[in-house]
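K.L.:
The following block contains the structure, expressed as structure tokens.
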Amino acid sequence: MIIDTHCHLISEKYGDLDLVRAESLALGVGHCVTQGTSTYDWEPQLALAARMPDFVSSCLAVHPSEVHTVSDEQFEHMVQLCRSHPQAAIGETGLDYFWDAPEGWSEQDFRARQLHLLERHFELAQELGLNISLHTRDKVGLASFEDAFAIARNFPKVRPVFHCFIGDGAQAERIFSELDGLISFTGILTFNKSEHVQAVATWCPADRFMVETDSPFLSPTPHRGKVNIPGRTKFVVDKIAELRGMTAEEVADCTTANARRFFRLPEGV
Ligand SMILES: [Zn+2]
């Protein structure tokens, strides 16, 4: 059984989520962790996780690209939801320096808001004894990675997963040794020209990586460009198996065990 550790099931790109579930189960993906991004998906996610507890676990957060859409009062509401509903982790939060600041925001203010909320998410994770799913993205250089890293260091009890990892070996080593963190691989691993992240997947210690789709985005080869579903985590597992000279079952067993531990999934999931 494979677990998709990062997807966004509350999306206008999806119609019938029962069908998404059936198609994912048919591909061997038995559970997924859906990640919150802003006010519109928090409550629907909680309702979905309650309706499909065997298939869906929920995380809530404000995505770094959405920090301008969430007021401090709304963030406080999310905090209350996290305190009163079971959560697999806090996510998806982080820092995104790739996109320009939205209209009406200076680059500096937008980054300051992202940094402030990232710290607030870490405080919440620490309070609730949860881990955290991190997004970092830069146009050039590693500023978002370094800034997120610096904040994560201040919260040694919260383990981070750097989701959609596309960094190099040196970054991965620092995540493992300095933050006790993990990385997770998406369908990008199956794309041409992703040799450096494929290299990391080849040597990464078995207890340090998980698999994900980031669906509805990032559909892997051979379904590139289509609306992605959690089931296609299977193609990420297959690619890692090929790179490491293991069977797909062995990769699934190890990444599923890592996901169960990291997200503290209940017995039977
Ligand atoms: Zn995501």
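Letters A, B, ... go to the chains of the structure tokens in the order shown; residues in each chain start at 1; ligands are counted from 1 in the same order.
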Using only C-alpha atoms and all ligand atoms, determine which residues fall within 9 Å of ligand 1, then list them as a list in words.
P.N.:
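So the residues close to ligand 1 are His6, Cys7, His8, Thr34, Gln35, Gly36, Thr37, His63, Gly91, Glu92, Thr93, Ser133, Leu134, His135, His163, Cys164, Thr213, Asp214, Ser215, Pro216 and Phe217 of chain A.
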K.L.:
Can you list, as a PyMOL selection string, every protein, DNA or RNA residue that comes within 10 Å of Phe75 in chain A when you count only C-alpha atoms, leaving out same-chain residues fewer than 5 positions away?
P.N.:
chain A and resi 38-39+61-62+67+70+80-81+117+120-121
K.L.:
Keeping only N, CA and C atoms, write those residues as a PDB file, in the first residue's frame.
P.N.:
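See selection-v8.pdb below for the written result:
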```pdb
ATOM      1  N   SER A  38      -5.712  27.755   2.228  1.00  0.00           N
ATOM      2  CA  SER A  38      -6.324  29.039   2.589  1.00  0.00           C
ATOM      3  C   SER A  38      -7.728  28.789   3.128  1.00  0.00           C
ATOM      4  N   THR A  39      -8.419  29.871   3.442  1.00  0.00           N
ATOM      5  CA  THR A  39      -9.730  29.772   4.110  1.00  0.00           C
ATOM      6  C   THR A  39     -10.703  28.852   3.377  1.00  0.00           C
ATOM      7  N   ALA A  61      -3.268  24.706   6.973  1.00  0.00           N
ATOM      8  CA  ALA A  61      -2.265  25.777   7.041  1.00  0.00           C
ATOM      9  C   ALA A  61      -2.604  26.830   6.006  1.00  0.00           C
ATOM     10  N   VAL A  62      -1.774  27.865   6.010  1.00  0.00           N
ATOM     11  CA  VAL A  62      -1.854  28.894   4.963  1.00  0.00           C
ATOM     12  C   VAL A  62      -0.642  28.709   4.054  1.00  0.00           C
ATOM     13  N   VAL A  67      -0.735  34.034   1.734  1.00  0.00           N
ATOM     14  CA  VAL A  67      -0.705  34.739   3.022  1.00  0.00           C
ATOM     15  C   VAL A  67      -1.441  36.084   2.968  1.00  0.00           C
ATOM     16  N   VAL A  70      -5.400  35.823   3.910  1.00  0.00           N
ATOM     17  CA  VAL A  70      -5.823  35.359   5.236  1.00  0.00           C
ATOM     18  C   VAL A  70      -5.487  36.422   6.283  1.00  0.00           C
ATOM     19  N   GLN A  80      -7.891  27.362  15.881  1.00  0.00           N
ATOM     20  CA  GLN A  80      -8.949  26.706  16.663  1.00  0.00           C
ATOM     21  C   GLN A  80      -9.406  25.413  16.000  1.00  0.00           C
ATOM     22  N   LEU A  81      -9.517  25.415  14.670  1.00  0.00           N
ATOM     23  CA  LEU A  81      -9.901  24.184  13.956  1.00  0.00           C
ATOM     24  C   LEU A  81      -8.865  23.086  14.184  1.00  0.00           C
ATOM     25  N   LEU A 117       3.996  34.283   9.348  1.00  0.00           N
ATOM     26  CA  LEU A 117       3.053  33.161   9.440  1.00  0.00           C
ATOM     27  C   LEU A 117       3.777  31.813   9.518  1.00  0.00           C
ATOM     28  N   ARG A 120       4.417  31.325  13.063  1.00  0.00           N
ATOM     29  CA  ARG A 120       3.169  31.013  13.764  1.00  0.00           C
ATOM     30  C   ARG A 120       2.767  29.539  13.536  1.00  0.00           C
ATOM     31  N   HIS A 121       2.977  29.034  12.306  1.00  0.00           N
ATOM     32  CA  HIS A 121       2.673  27.629  12.015  1.00  0.00           C
ATOM     33  C   HIS A 121       3.577  26.693  12.835  1.00  0.00           C
TER      34      HIS A 121
END
```
K.L.:
Give the answer as one residue: which of A:Ile229, A:Ala201, A:Val236, A:Ala152 has the shortest atom-to-atom distance to Gly187 in chain A, using only C-alpha atoms?
P.N.:
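For Gly187 in chain A, the nearest of the candidates is A:Val236.
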K.L.:
Please identify which residues in range 19-216 of chain A DSSP calls alpha helix (DSSP H) from the backbone, and express them as JSON, numbers by chain.
P.N.:
{"A": [19, 20, 21, 22, 23, 24, 25, 26, 39, 40, 41, 42, 43, 44, 45, 46, 47, 48, 49, 50, 51, 72, 73, 74, 75, 76, 77, 78, 79, 80, 81, 82, 83, 84, 107, 108, 109, 110, 111, 112, 113, 114, 115, 116, 117, 118, 119, 120, 121, 122, 123, 124, 125, 126, 127, 128, 143, 144, 145, 146, 147, 148, 149, 150, 151, 152, 153, 169, 170, 171, 172, 173, 174, 175, 176, 177, 178, 179, 195, 196, 197, 198, 199, 200, 201, 202, 203]}
K.L.:
Could you tell me, as a short mmCIF file (atom, residue, chain, number, x, y, z; two decimals) with N, CA, C and O atoms, in the first residue's frame, which residues of range 101-135 of chain A DSSP assigns to strand (DSSP E or B) when given the backbone?
P.N.:
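Output below, filename result.cif:
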```cif
data_model
loop_
_atom_site.label_atom_id
_atom_site.label_comp_id
_atom_site.auth_asym_id
_atom_site.auth_seq_id
_atom_site.Cartn_x
_atom_site.Cartn_y
_atom_site.Cartn_z
N ILE A 132 5.51 19.17 10.39
CA ILE A 132 5.12 20.27 9.51
C ILE A 132 5.54 19.98 8.05
O ILE A 132 6.62 19.43 7.82
N SER A 133 4.66 20.33 7.10
CA SER A 133 4.97 20.17 5.67
C SER A 133 5.37 21.51 5.08
O SER A 133 4.57 22.45 5.10
N LEU A 134 6.58 21.58 4.58
CA LEU A 134 7.15 22.85 4.13
C LEU A 134 7.29 22.94 2.63
O LEU A 134 7.71 21.98 1.97
N HIS A 135 6.99 24.13 2.13
CA HIS A 135 7.19 24.47 0.73
C HIS A 135 8.24 25.57 0.69
O HIS A 135 8.13 26.55 1.41
#
```
K.L.:
Let me make sure I understand: among A:Phe155, A:Phe262, A:Phe185, A:Phe165, which one has the smallest atom-to-atom distance to Arg137 in chain A if we use only C-alpha atoms?
P.N.:
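Looking only at the distances to Arg137 in chain A, the closest residue turns out to be A:Phe165.
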K.L.:
For Phe145 in chain A, which residue out of A:Leu95, A:Val197, A:Leu128, A:Leu115 is the nearest one, using only C-alpha atoms?
P.N.:
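Smallest separation from Phe145 in chain A among the options: A:Leu95.
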K.L.:
What's around Gln171 in chain A at 12 Å? Count only C-alpha atoms, leave out sequence neighbours fewer than 2 positions away in its own chain, and write the answer as a ChimeraX atom specification.
P.N.:
/A:142,145-146,149,162,165-169,173-179,181-183,196-197,200,204
K.L.:
Output the selection as an mmCIF file, in the first residue's frame - N, CA, C and O atoms for each residue.
P.N.:
```cif
data_model
loop_
_atom_site.group_PDB
_atom_site.id
_atom_site.type_symbol
_atom_site.label_atom_id
_atom_site.label_comp_id
_atom_site.auth_asym_id
_atom_site.auth_seq_id
_atom_site.Cartn_x
_atom_site.Cartn_y
_atom_site.Cartn_z
ATOM 1 N N LEU A 142 18.957 30.281 -3.055
ATOM 2 C CA LEU A 142 18.348 29.421 -2.035
ATOM 3 C C LEU A 142 17.766 30.218 -0.876
ATOM 4 O O LEU A 142 17.631 29.700 0.229
ATOM 5 N N PHE A 145 14.819 28.675 1.009
ATOM 6 C CA PHE A 145 15.275 27.478 1.722
ATOM 7 C C PHE A 145 16.044 27.871 2.978
ATOM 8 O O PHE A 145 15.776 27.363 4.068
ATOM 9 N N GLU A 146 16.964 28.810 2.842
ATOM 10 C CA GLU A 146 17.788 29.231 3.988
ATOM 11 C C GLU A 146 16.932 29.885 5.068
ATOM 12 O O GLU A 146 17.119 29.637 6.262
ATOM 13 N N PHE A 149 14.850 27.235 6.747
ATOM 14 C CA PHE A 149 15.775 26.426 7.534
ATOM 15 C C PHE A 149 16.077 27.097 8.872
ATOM 16 O O PHE A 149 16.053 26.463 9.933
ATOM 17 N N PHE A 162 10.470 18.649 3.748
ATOM 18 C CA PHE A 162 10.581 19.577 2.621
ATOM 19 C C PHE A 162 9.905 18.895 1.444
ATOM 20 O O PHE A 162 10.467 17.993 0.831
ATOM 21 N N PHE A 165 10.680 17.928 -3.038
ATOM 22 C CA PHE A 165 12.111 18.231 -2.969
ATOM 23 C C PHE A 165 12.735 18.160 -4.360
ATOM 24 O O PHE A 165 12.600 17.154 -5.055
ATOM 25 N N ILE A 166 13.394 19.265 -4.743
ATOM 26 C CA ILE A 166 14.107 19.267 -6.026
ATOM 27 C C ILE A 166 15.515 19.828 -5.831
ATOM 28 O O ILE A 166 16.158 20.278 -6.779
ATOM 29 N N GLY A 167 15.955 19.807 -4.580
ATOM 30 C CA GLY A 167 17.274 20.362 -4.258
ATOM 31 C C GLY A 167 18.391 19.377 -4.551
ATOM 32 O O GLY A 167 18.186 18.341 -5.185
ATOM 33 N N ASP A 168 19.583 19.725 -4.040
ATOM 34 C CA ASP A 168 20.728 18.857 -4.304
ATOM 35 C C ASP A 168 21.102 18.066 -3.048
ATOM 36 O O ASP A 168 20.458 18.172 -1.996
ATOM 37 N N GLY A 169 22.140 17.267 -3.194
ATOM 38 C CA GLY A 169 22.556 16.391 -2.104
ATOM 39 C C GLY A 169 22.960 17.152 -0.855
ATOM 40 O O GLY A 169 22.666 16.730 0.269
ATOM 41 N N GLU A 173 21.341 16.640 2.826
ATOM 42 C CA GLU A 173 22.179 16.282 3.986
ATOM 43 C C GLU A 173 21.926 17.215 5.164
ATOM 44 O O GLU A 173 21.846 16.775 6.311
ATOM 45 N N ARG A 174 21.799 18.512 4.863
ATOM 46 C CA ARG A 174 21.572 19.479 5.945
ATOM 47 C C ARG A 174 20.198 19.264 6.583
ATOM 48 O O ARG A 174 20.044 19.399 7.797
ATOM 49 N N ILE A 175 19.186 18.955 5.747
ATOM 50 C CA ILE A 175 17.846 18.700 6.289
ATOM 51 C C ILE A 175 17.892 17.502 7.238
ATOM 52 O O ILE A 175 17.316 17.528 8.335
ATOM 53 N N PHE A 176 18.623 16.458 6.855
ATOM 54 C CA PHE A 176 18.677 15.242 7.680
ATOM 55 C C PHE A 176 19.478 15.486 8.953
ATOM 56 O O PHE A 176 19.035 15.149 10.048
ATOM 57 N N SER A 177 20.677 16.071 8.800
ATOM 58 C CA SER A 177 21.584 16.105 9.950
ATOM 59 C C SER A 177 21.293 17.285 10.880
ATOM 60 O O SER A 177 21.442 17.158 12.091
ATOM 61 N N GLU A 178 20.857 18.411 10.334
ATOM 62 C CA GLU A 178 20.691 19.586 11.200
ATOM 63 C C GLU A 178 19.264 19.780 11.688
ATOM 64 O O GLU A 178 19.029 20.412 12.709
ATOM 65 N N LEU A 179 18.270 19.258 10.937
ATOM 66 C CA LEU A 179 16.866 19.465 11.335
ATOM 67 C C LEU A 179 16.161 18.164 11.692
ATOM 68 O O LEU A 179 14.986 18.183 12.068
ATOM 69 N N GLY A 181 15.059 16.265 9.636
ATOM 70 C CA GLY A 181 13.906 16.353 8.749
ATOM 71 C C GLY A 181 13.885 15.274 7.683
ATOM 72 O O GLY A 181 14.760 14.397 7.628
ATOM 73 N N LEU A 182 12.855 15.345 6.864
ATOM 74 C CA LEU A 182 12.683 14.417 5.745
ATOM 75 C C LEU A 182 12.510 15.219 4.461
ATOM 76 O O LEU A 182 12.303 16.434 4.505
ATOM 77 N N ILE A 183 12.552 14.510 3.351
ATOM 78 C CA ILE A 183 12.210 15.115 2.066
ATOM 79 C C ILE A 183 11.153 14.233 1.409
ATOM 80 O O ILE A 183 10.992 13.070 1.786
ATOM 81 N N HIS A 196 19.567 15.672 -11.057
ATOM 82 C CA HIS A 196 20.148 15.926 -9.727
ATOM 83 C C HIS A 196 19.230 15.438 -8.608
ATOM 84 O O HIS A 196 19.701 14.914 -7.607
ATOM 85 N N VAL A 197 17.913 15.554 -8.800
ATOM 86 C CA VAL A 197 17.023 15.041 -7.745
ATOM 87 C C VAL A 197 16.931 13.515 -7.837
ATOM 88 O O VAL A 197 16.824 12.815 -6.814
ATOM 89 N N VAL A 200 19.680 12.248 -5.737
ATOM 90 C CA VAL A 200 19.364 12.246 -4.294
ATOM 91 C C VAL A 200 18.484 11.033 -3.959
ATOM 92 O O VAL A 200 18.701 10.355 -2.948
ATOM 93 N N CYS A 204 19.446 8.495 -0.908
ATOM 94 C CA CYS A 204 18.766 8.985 0.294
ATOM 95 C C CYS A 204 18.522 7.849 1.303
ATOM 96 O O CYS A 204 18.006 6.797 0.929
#
```
